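Novice: my_file15.cif is reproduced in full below (mmCIF, C-alpha atoms).
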```cif
data_run
loop_
_atom_site.label_atom_id
_atom_site.label_comp_id
_atom_site.auth_asym_id
_atom_site.auth_seq_id
_atom_site.Cartn_x
_atom_site.Cartn_y
_atom_site.Cartn_z
CA MET A 1 0.00 0.00 0.00
CA ILE A 2 1.52 3.31 -1.09
CA GLU A 3 1.47 5.92 1.68
CA ILE A 4 -0.73 8.91 0.88
CA HIS A 5 1.93 11.46 1.80
CA LEU A 6 4.02 10.35 -1.17
CA PHE A 7 1.21 11.41 -3.51
CA GLU A 8 0.89 14.69 -1.62
CA GLN A 9 4.58 15.33 -2.16
CA LEU A 10 4.33 14.40 -5.84
CA VAL A 11 1.49 16.90 -6.34
CA ALA A 12 3.45 19.56 -4.46
CA PHE A 13 6.42 19.01 -6.79
CA ALA A 14 4.17 19.24 -9.85
CA SER A 15 2.65 22.50 -8.54
CA CYS A 16 5.95 24.10 -7.53
CA GLY A 17 8.09 22.91 -10.44
CA THR A 18 11.29 22.34 -8.46
CA LEU A 19 12.39 20.15 -5.57
CA SER A 20 13.60 23.14 -3.57
CA SER A 21 10.31 25.05 -3.86
CA ALA A 22 8.25 21.94 -3.10
CA ALA A 23 10.43 21.06 -0.10
CA GLU A 24 10.01 24.57 1.24
CA GLN A 25 6.22 24.37 0.83
CA LEU A 26 6.12 20.96 2.54
CA HIS A 27 8.51 22.07 5.34
CA ILE A 28 10.93 19.20 4.71
CA SER A 29 14.48 19.07 3.41
CA GLN A 30 15.22 18.78 -0.30
CA PRO A 31 17.14 15.48 0.12
CA ALA A 32 14.18 14.03 2.07
CA LEU A 33 11.79 14.99 -0.74
CA SER A 34 14.16 13.51 -3.33
CA ARG A 35 14.25 10.22 -1.42
CA SER A 36 10.44 10.20 -1.22
CA MET A 37 10.13 10.59 -5.00
CA GLN A 38 12.60 7.74 -5.53
CA ARG A 39 10.56 5.61 -3.11
CA LEU A 40 7.35 6.40 -5.00
CA GLU A 41 8.98 5.28 -8.25
CA GLU A 42 10.05 2.04 -6.56
CA GLU A 43 6.55 1.45 -5.17
CA LEU A 44 4.94 2.02 -8.59
CA GLY A 45 7.67 0.14 -10.48
CA VAL A 46 8.02 2.87 -13.13
CA LYS A 47 10.14 5.98 -13.67
CA LEU A 48 8.24 9.22 -13.05
CA PHE A 49 11.02 11.74 -13.66
CA ASP A 50 13.62 12.73 -16.20
CA ARG A 51 16.79 13.44 -14.26
CA GLN A 52 19.42 15.85 -15.51
CA LYS A 53 22.47 17.13 -13.68
CA SER A 54 20.76 20.10 -12.05
CA ARG A 55 17.14 19.54 -12.95
CA LEU A 56 14.31 17.08 -12.19
CA SER A 57 11.21 17.05 -14.38
CA LEU A 58 8.15 14.87 -14.77
CA ASN A 59 8.04 12.46 -17.67
CA LYS A 60 4.80 11.21 -19.24
CA ASN A 61 4.42 8.57 -16.52
CA GLY A 62 4.87 11.26 -13.91
CA GLU A 63 2.29 13.56 -15.48
CA LEU A 64 -0.26 10.72 -15.46
CA ALA A 65 0.65 9.88 -11.87
CA VAL A 66 0.07 13.50 -10.86
CA ARG A 67 -3.42 13.51 -12.39
CA TYR A 68 -4.33 10.34 -10.51
CA ALA A 69 -2.71 11.65 -7.32
CA ARG A 70 -4.73 14.85 -7.44
CA SER A 71 -7.92 12.87 -7.95
CA LEU A 72 -7.00 10.55 -5.08
CA LEU A 73 -6.28 13.45 -2.74
CA MET A 74 -9.58 15.11 -3.65
CA GLN A 75 -11.39 11.85 -2.84
CA GLU A 76 -9.53 11.61 0.44
CA ASN A 77 -10.52 15.16 1.41
CA SER A 78 -14.12 14.51 0.39
CA MET A 79 -14.19 11.31 2.42
CA ILE A 80 -12.83 13.08 5.51
CA GLU A 81 -15.32 15.94 5.19
CA GLN A 82 -18.27 13.58 4.71
CA ILE A 83 -17.29 11.40 7.67
CA ARG A 84 -16.88 14.47 9.88
CA GLU A 85 -20.19 15.86 8.67
CA PHE A 86 -21.87 12.51 9.36
CA ASP A 87 -20.43 12.48 12.87
CA ARG A 88 -21.52 16.08 13.46
CA LYS A 89 -25.07 15.32 12.32
CA ARG A 90 -25.14 12.17 14.44
CA ARG A 91 -24.34 14.28 17.50
CA THR A 92 -26.66 17.15 16.53
CA ILE A 93 -30.43 17.49 16.75
CA SER A 94 -31.55 20.07 14.20
CA VAL A 95 -34.82 21.86 14.85
CA GLY A 96 -36.75 23.99 12.39
CA SER A 97 -39.44 26.19 13.87
CA CYS A 98 -42.15 28.39 12.39
CA THR A 99 -42.06 30.54 15.54
CA PRO A 100 -39.40 31.86 17.93
CA ILE A 101 -41.50 31.68 21.09
CA LEU A 102 -41.14 27.93 21.71
CA ILE A 103 -37.43 27.70 20.99
CA PRO A 104 -35.97 28.46 24.48
CA ASP A 105 -38.12 25.90 26.33
CA PHE A 106 -37.79 23.36 23.53
CA VAL A 107 -33.98 23.60 23.49
CA SER A 108 -33.94 23.24 27.27
CA LEU A 109 -36.10 20.12 27.02
CA LEU A 110 -33.96 18.51 24.32
CA SER A 111 -30.75 19.30 26.21
CA SER A 112 -32.10 17.57 29.32
CA LEU A 113 -33.35 14.52 27.41
CA TYR A 114 -30.33 14.10 25.12
CA GLU A 115 -27.24 14.95 27.14
CA GLY A 116 -24.11 15.54 25.10
CA MET A 117 -26.02 16.34 21.94
CA THR A 118 -25.74 19.70 20.20
CA ILE A 119 -29.10 21.38 19.59
CA SER A 120 -29.27 23.44 16.41
CA THR A 121 -32.30 25.67 15.76
CA GLU A 122 -33.58 27.81 12.92
CA VAL A 123 -36.68 30.00 12.85
CA THR A 124 -38.21 30.22 9.40
CA GLY A 125 -41.41 31.34 7.75
CA ASP A 126 -40.87 28.84 4.93
CA PRO A 127 -44.26 27.16 4.20
CA GLY A 128 -42.32 24.07 3.15
CA LEU A 129 -40.91 23.51 6.62
CA ALA A 130 -42.41 20.03 6.90
CA GLU A 131 -40.82 19.06 3.59
CA HIS A 132 -37.42 19.88 5.05
CA LEU A 133 -37.91 17.04 7.52
CA LYS A 134 -38.22 14.65 4.58
CA GLN A 135 -35.01 16.08 3.13
CA ASN A 136 -33.21 15.58 6.47
CA LYS A 137 -32.47 19.27 6.88
CA TYR A 138 -34.15 19.04 10.30
CA HIS A 139 -34.80 16.18 12.71
CA LEU A 140 -37.70 17.91 14.48
CA ALA A 141 -39.99 20.76 13.48
CA LEU A 142 -42.42 23.05 15.25
CA LEU A 143 -45.28 23.65 12.82
CA HIS A 144 -48.38 25.83 13.01
CA GLU A 145 -50.45 23.37 10.98
CA LYS A 146 -51.04 19.66 11.53
CA PRO A 147 -48.94 17.72 9.00
CA ASP A 148 -49.81 14.65 6.95
CA GLU A 149 -50.26 11.79 9.45
CA ASP A 150 -49.14 9.17 6.91
CA ILE A 151 -45.68 10.74 6.71
CA TYR A 152 -45.22 12.61 10.00
CA TYR A 153 -45.82 11.98 13.66
CA SER A 154 -46.90 15.05 15.61
CA LEU A 155 -48.44 16.24 18.86
CA PRO A 156 -50.00 19.64 19.67
CA VAL A 157 -47.78 21.45 22.18
CA GLU A 158 -49.07 25.03 22.43
CA ARG A 159 -51.66 27.50 21.20
CA GLU A 160 -51.16 31.17 20.35
CA HIS A 161 -53.40 34.06 19.34
CA LEU A 162 -52.24 37.22 17.59
CA TYR A 163 -52.97 40.69 19.00
CA VAL A 164 -52.16 44.18 17.79
CA SER A 165 -50.53 46.39 20.41
CA LEU A 166 -51.77 49.99 20.16
CA PRO A 167 -51.06 53.17 22.12
CA PRO A 168 -54.17 54.47 23.99
CA VAL A 169 -54.48 57.43 21.62
CA HIS A 170 -54.67 55.24 18.52
CA PRO A 171 -58.09 55.62 16.78
CA LEU A 172 -58.61 51.82 16.84
CA ALA A 173 -57.57 51.27 20.45
CA ASP A 174 -61.19 51.00 21.64
CA ALA A 175 -62.07 48.17 19.26
CA ASP A 176 -63.10 44.82 20.72
CA GLY A 177 -61.32 43.08 17.87
CA LEU A 178 -59.80 43.88 14.49
CA TYR A 179 -59.14 42.14 11.22
CA LEU A 180 -55.70 42.59 9.70
CA LYS A 181 -57.27 44.34 6.71
CA ASP A 182 -58.49 47.03 9.14
CA LEU A 183 -54.84 47.83 9.88
CA ASP A 184 -53.60 47.85 6.28
CA GLY A 185 -51.71 50.95 5.22
CA GLN A 186 -50.25 51.70 8.65
CA THR A 187 -46.61 51.57 9.76
CA PHE A 188 -45.70 48.83 12.25
CA LEU A 189 -42.77 48.00 14.44
CA LEU A 190 -42.01 44.35 13.74
CA TYR A 191 -39.54 41.79 15.05
CA SER A 192 -37.53 40.37 12.15
CA GLN A 193 -37.58 36.77 13.44
CA ILE A 194 -41.30 36.06 13.88
CA GLY A 195 -41.44 33.09 11.53
CA PHE A 196 -44.71 32.45 9.72
CA TRP A 197 -46.42 35.50 11.30
CA ASP A 198 -44.36 37.71 9.00
CA GLY A 199 -45.85 36.15 5.86
CA LEU A 200 -49.39 36.36 7.28
CA CYS A 201 -49.05 40.05 8.11
CA ARG A 202 -47.64 40.92 4.70
CA GLN A 203 -50.29 38.88 2.91
CA LYS A 204 -53.21 40.42 4.80
CA MET A 205 -51.78 43.95 4.84
CA PRO A 206 -50.13 44.45 1.43
CA THR A 207 -49.79 48.23 1.73
CA ALA A 208 -48.55 48.33 5.34
CA ARG A 209 -44.98 49.39 6.13
CA PHE A 210 -42.83 47.41 8.56
CA LEU A 211 -39.93 48.81 10.56
CA LEU A 212 -37.97 45.63 11.25
CA GLN A 213 -35.92 45.21 14.42
CA GLN A 214 -33.46 42.36 14.89
CA ASP A 215 -32.96 42.86 18.64
CA TYR A 216 -36.06 41.85 20.61
CA ASN A 217 -35.15 43.99 23.63
CA VAL A 218 -34.62 47.06 21.46
CA LEU A 219 -37.98 46.38 19.82
CA GLY A 220 -39.64 46.36 23.24
CA GLU A 221 -38.15 49.74 24.12
CA LEU A 222 -39.24 51.22 20.80
CA VAL A 223 -42.78 49.90 21.23
CA GLU A 224 -43.08 51.47 24.67
CA ASN A 225 -41.71 54.82 23.54
CA SER A 226 -43.35 55.29 20.16
CA ALA A 227 -46.81 55.76 18.69
CA PHE A 228 -46.35 52.98 16.11
CA PRO A 229 -48.58 49.91 16.39
CA ALA A 230 -46.88 46.56 16.89
CA PHE A 231 -47.90 42.93 17.30
CA THR A 232 -47.93 40.68 20.31
CA THR A 233 -49.61 37.41 21.29
CA ASP A 234 -51.39 35.97 24.29
CA TYR A 235 -48.39 33.65 24.82
CA VAL A 236 -46.00 36.60 25.01
CA MET A 237 -48.28 38.66 27.22
CA LYS A 238 -48.71 35.82 29.73
CA ARG A 239 -44.95 35.56 30.12
CA SER A 240 -44.13 39.26 30.05
CA ARG A 241 -43.26 40.92 33.36
CA GLN A 242 -43.13 44.38 31.86
CA GLU A 243 -46.03 46.71 32.65
CA SER A 244 -47.36 48.70 29.72
CA ASP A 245 -50.07 51.27 29.05
CA ARG A 246 -50.50 49.81 25.57
CA ILE A 247 -53.81 48.22 24.61
CA ALA A 248 -53.78 44.73 23.10
CA VAL A 249 -56.63 44.18 20.65
CA PRO A 250 -57.24 40.62 19.41
CA ILE A 251 -56.91 39.92 15.71
CA LEU A 252 -60.09 38.27 14.40
CA ASP A 253 -58.72 36.57 11.28
CA GLU A 254 -59.04 32.80 11.49
CA GLU A 255 -55.32 32.44 10.71
CA ALA A 256 -54.44 34.52 13.80
CA ASN A 257 -55.33 31.64 16.12
CA VAL A 258 -52.85 28.77 15.76
CA THR A 259 -51.89 25.46 17.32
CA TYR A 260 -48.24 24.43 17.28
CA TYR A 261 -47.24 20.83 16.62
CA CYS A 262 -44.00 19.12 17.53
CA THR A 263 -43.30 17.00 14.47
CA CYS A 264 -40.90 14.39 13.16
CA LEU A 265 -40.93 11.80 10.41
CA ARG A 266 -42.78 8.64 11.43
CA SER A 267 -39.55 6.73 10.86
CA GLU A 268 -37.92 8.89 13.57
CA LYS A 269 -40.71 8.50 16.13
CA ALA A 270 -38.82 5.97 18.27
CA ARG A 271 -35.74 8.18 18.38
CA PHE A 272 -37.74 11.07 19.84
CA LYS A 273 -40.06 8.99 21.98
CA ALA A 274 -38.96 10.85 25.13
CA VAL A 275 -39.90 14.21 23.61
CA PHE A 276 -43.42 13.15 22.76
CA GLU A 277 -43.89 11.40 26.08
CA HIS A 278 -42.99 14.68 27.78
CA PHE A 279 -45.67 16.57 25.84
CA GLN A 280 -48.24 13.82 26.36
CA ALA A 281 -47.65 14.02 30.11
CA GLU A 282 -48.28 17.78 30.04
CA ARG A 283 -51.62 17.50 28.22
#
```
Could you rewrite the structure in this file as structure tokens?

Specialist:
Amino acid sequence: MIEIHLFEQLVAFASCGTLSSAAEQLHISQPALSRSMQRLEEELGVKLFDRQKSRLSLNKNGELAVRYARSLLMQENSMIEQIREFDRKRRTISVGSCTPILIPDFVSLLSSLYEGMTISTEVTGDPGLAEHLKQNKYHLALLHEKPDEDIYYSLPVEREHLYVSLPPVHPLADADGLYLKDLDGQTFLLYSQIGFWDGLCRQKMPTARFLLQQDYNVLGELVENSAFPAFTTDYVMKRSRQESDRIAVPILDEEANVTYYCTCLRSEKARFKAVFEHFQAER
């Protein structure tokens, strides 16, 4: 079996053109590199170089050997990367979520149930989130619609209702409830990572303007100190300790009331049995 470092040295020589340059690149001595090339010729049983008094150059055999060596080294690198990626995925639970609100508690739950595993999360408004489970982009997903029971296993884990947060002086602050179309055309403060809610708001309010904020704490300060309407939910309000003079008016659109489902492929149900047992115990 020919040692891989001999092919690495051959490719370095071909790239550099001289033994001295290749030896410098490889951080070895020129005589050591020369001996390695002689050893490679012995291992292959053919001459790879034309040797002149002060010059070493590849012959036709050597040029062919370099092409194969480069291909071999590329395959080796690809193999290493794929094995490392496989190991990383094996030690990682990837979660795709349509909403940010469930992520902290869900990560805490997974970390306690699967010690030593890395938990990776992504919040997305992509309507094809369930499809990403089939493509193995995620192992678990938090969806706002019940998925196909023939393909996925899921359990309801939480409910959430959308509200609009208005300052007391806003002309709609006295309403018992509002449809999103009633708010169209206004300018809103909006958190940039709200998942599927973003698409719903833009669909129902096509002429509204949104001032996006990436920092949730900064958004909260802006909401409290501005006259712009914003959005909140019953889930957020129940967990908020901050007092506010803002008025939360429920959104009446059917789509504003959602149930979240913890979901995996049916083939992965056994792997995440502990997760679903936890949610079943809470129901």

Novice: Counting all atoms listed in the file, which of A:Thr263, A:Ser240, A:Ser192, A:Gln82 gets nearest to His132 of chain A?

Specialist: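 Nearest candidate to His132 of chain A out of A:Thr263, A:Ser240, A:Ser192, A:Gln82: A:Thr263.
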
Novice: Compare A:Met37, A:Leu265, A:Thr259, A:Ile28 by their minimum atom-to-atom distance to Ile2 of chain A, counting only C-alpha atoms, and give me the closest one.

Specialist: A:Met37

Novice: What is the atom CA of Tyr68 of chain A-atom CA of Val11 of chain A distance in Å, reported with one decimal?

Specialist: 9.7 Å

Novice: Carefully work through the PyMOL selection byres ((chain A and resi 246-251) around 12) for this structure and note down the residues it includes, as JSON, numbers by chain.

Specialist: {"A": [160, 161, 162, 163, 164, 165, 166, 167, 168, 169, 170, 171, 172, 173, 174, 175, 176, 177, 178, 179, 180, 181, 182, 183, 200, 201, 204, 220, 223, 224, 225, 226, 227, 228, 229, 230, 231, 232, 233, 234, 236, 237, 242, 243, 244, 245, 252, 253, 254, 255, 256, 257, 258]}

Novice: Just write the chosen residues, C-alpha atoms, as a compact mmCIF listing (two decimals), in the frame of the given file.

Specialist:
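Produced file result-v3.txt, reproduced below:
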```txt
# COMPACT_ATOMS: atom_id res chain seq x y z
CA GLU A 160 -51.16 31.17 20.35
CA HIS A 161 -53.40 34.06 19.34
CA LEU A 162 -52.24 37.22 17.59
CA TYR A 163 -52.97 40.69 19.00
CA VAL A 164 -52.16 44.18 17.79
CA SER A 165 -50.53 46.39 20.41
CA LEU A 166 -51.77 49.99 20.16
CA PRO A 167 -51.06 53.17 22.12
CA PRO A 168 -54.17 54.47 23.99
CA VAL A 169 -54.48 57.43 21.62
CA HIS A 170 -54.67 55.24 18.52
CA PRO A 171 -58.09 55.62 16.78
CA LEU A 172 -58.61 51.82 16.84
CA ALA A 173 -57.57 51.27 20.45
CA ASP A 174 -61.19 51.00 21.64
CA ALA A 175 -62.07 48.17 19.26
CA ASP A 176 -63.10 44.82 20.72
CA GLY A 177 -61.32 43.08 17.87
CA LEU A 178 -59.80 43.88 14.49
CA TYR A 179 -59.14 42.14 11.22
CA LEU A 180 -55.70 42.59 9.70
CA LYS A 181 -57.27 44.34 6.71
CA ASP A 182 -58.49 47.03 9.14
CA LEU A 183 -54.84 47.83 9.88
CA LEU A 200 -49.39 36.36 7.28
CA CYS A 201 -49.05 40.05 8.11
CA LYS A 204 -53.21 40.42 4.80
CA GLY A 220 -39.64 46.36 23.24
CA VAL A 223 -42.78 49.90 21.23
CA GLU A 224 -43.08 51.47 24.67
CA ASN A 225 -41.71 54.82 23.54
CA SER A 226 -43.35 55.29 20.16
CA ALA A 227 -46.81 55.76 18.69
CA PHE A 228 -46.35 52.98 16.11
CA PRO A 229 -48.58 49.91 16.39
CA ALA A 230 -46.88 46.56 16.89
CA PHE A 231 -47.90 42.93 17.30
CA THR A 232 -47.93 40.68 20.31
CA THR A 233 -49.61 37.41 21.29
CA ASP A 234 -51.39 35.97 24.29
CA VAL A 236 -46.00 36.60 25.01
CA MET A 237 -48.28 38.66 27.22
CA GLN A 242 -43.13 44.38 31.86
CA GLU A 243 -46.03 46.71 32.65
CA SER A 244 -47.36 48.70 29.72
CA ASP A 245 -50.07 51.27 29.05
CA LEU A 252 -60.09 38.27 14.40
CA ASP A 253 -58.72 36.57 11.28
CA GLU A 254 -59.04 32.80 11.49
CA GLU A 255 -55.32 32.44 10.71
CA ALA A 256 -54.44 34.52 13.80
CA ASN A 257 -55.33 31.64 16.12
CA VAL A 258 -52.85 28.77 15.76
```

Novice: Go ahead and compute the interatomic distance for atom CA of Ser57 of chain A and atom CA of Met1 of chain A, in Å to one decimal.

Specialist: 25.0 Å

Novice: Restricting the calculation to all atoms listed in the file: of A:Thr121, A:Val46, A:Leu102, A:Phe7, which residue gets closest to Ser71 of chain A?

Specialist: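 Between A:Thr121, A:Val46, A:Leu102, A:Phe7, the residue approaching Ser71 of chain A most closely is A:Phe7.
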
Novice: Looking at A:Gly116, A:Pro156, A:Gly185, A:Gly195, which one is nearest to Ala208 of chain A, with distances taken over all atoms listed in the file?

Specialist: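 Counting all atoms listed in the file, the residue closest to Ala208 of chain A is A:Gly185.
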
Novice: Please indicate the distance in Å from atom CA of Leu48 of chain A to atom CA of Glu76 of chain A, rounded to one decimal place.

Specialist: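 If I compute the distance from atom CA of Leu48 of chain A to atom CA of Glu76 of chain A, I get 22.4 Å.
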
Novice: Determine, counting all atoms listed in the file, which protein, DNA and RNA residues have an atom within 9 Å of an atom of Leu72 of chain A; residues of the same chain fewer than 5 positions away are not included. Present the result as a CSV table (one decimal) with C-alpha atoms, in the frame of the given file.

Specialist:
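Generated output (around-v7.csv):
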```csv
chain,number,residue,atom,x,y,z
A,4,ILE,CA,-0.7,8.9,0.9
A,7,PHE,CA,1.2,11.4,-3.5
A,67,ARG,CA,-3.4,13.5,-12.4
A,77,ASN,CA,-10.5,15.2,1.4
```

Novice: When you count only C-alpha atoms, which of these residues is closest to Leu26 of chain A: A:Ser108, A:Gln38, A:Thr207, A:Gln9?

Specialist: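 Smallest separation from Leu26 of chain A among the options: A:Gln9.
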
Novice: Which is closest to Glu43 of chain A among A:Asp150, A:Glu131, A:Glu277, A:Glu3, if we use all atoms listed in the file?

Specialist: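 Using all atoms listed in the file, the shortest distance to Glu43 of chain A belongs to A:Glu3.
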
Novice: Give me the residues within 10 Å of Ile151 of chain A as a ChimeraX atom specification, counting all atoms listed in the file and dropping any in the same chain fewer than 5 places off.

Specialist: /A:130,134,264-267

Novice: Given the file shown, enumerate the residues that the PyMOL selection byres ((chain A and resi 128) around 12) captures and present them as an MDAnalysis selection string.

Specialist: chainID A and resid 96:98 124:127 129:135 137:138 141 143:145 147 196

Novice: Next, write the just-selected residues to a file, as a PDB file, keeping the file's coordinate frame, keeping C-alpha atoms as the atom set.

Specialist:
```pdb
ATOM      1  CA  GLY A  96     -36.750  23.990  12.390  1.00  0.00           C
ATOM      2  CA  SER A  97     -39.440  26.190  13.870  1.00  0.00           C
ATOM      3  CA  CYS A  98     -42.150  28.390  12.390  1.00  0.00           C
ATOM      4  CA  THR A 124     -38.210  30.220   9.400  1.00  0.00           C
ATOM      5  CA  GLY A 125     -41.410  31.340   7.750  1.00  0.00           C
ATOM      6  CA  ASP A 126     -40.870  28.840   4.930  1.00  0.00           C
ATOM      7  CA  PRO A 127     -44.260  27.160   4.200  1.00  0.00           C
ATOM      8  CA  LEU A 129     -40.910  23.510   6.620  1.00  0.00           C
ATOM      9  CA  ALA A 130     -42.410  20.030   6.900  1.00  0.00           C
ATOM     10  CA  GLU A 131     -40.820  19.060   3.590  1.00  0.00           C
ATOM     11  CA  HIS A 132     -37.420  19.880   5.050  1.00  0.00           C
ATOM     12  CA  LEU A 133     -37.910  17.040   7.520  1.00  0.00           C
ATOM     13  CA  LYS A 134     -38.220  14.650   4.580  1.00  0.00           C
ATOM     14  CA  GLN A 135     -35.010  16.080   3.130  1.00  0.00           C
ATOM     15  CA  LYS A 137     -32.470  19.270   6.880  1.00  0.00           C
ATOM     16  CA  TYR A 138     -34.150  19.040  10.300  1.00  0.00           C
ATOM     17  CA  ALA A 141     -39.990  20.760  13.480  1.00  0.00           C
ATOM     18  CA  LEU A 143     -45.280  23.650  12.820  1.00  0.00           C
ATOM     19  CA  HIS A 144     -48.380  25.830  13.010  1.00  0.00           C
ATOM     20  CA  GLU A 145     -50.450  23.370  10.980  1.00  0.00           C
ATOM     21  CA  PRO A 147     -48.940  17.720   9.000  1.00  0.00           C
ATOM     22  CA  PHE A 196     -44.710  32.450   9.720  1.00  0.00           C
TER      23      PHE A 196
END
```
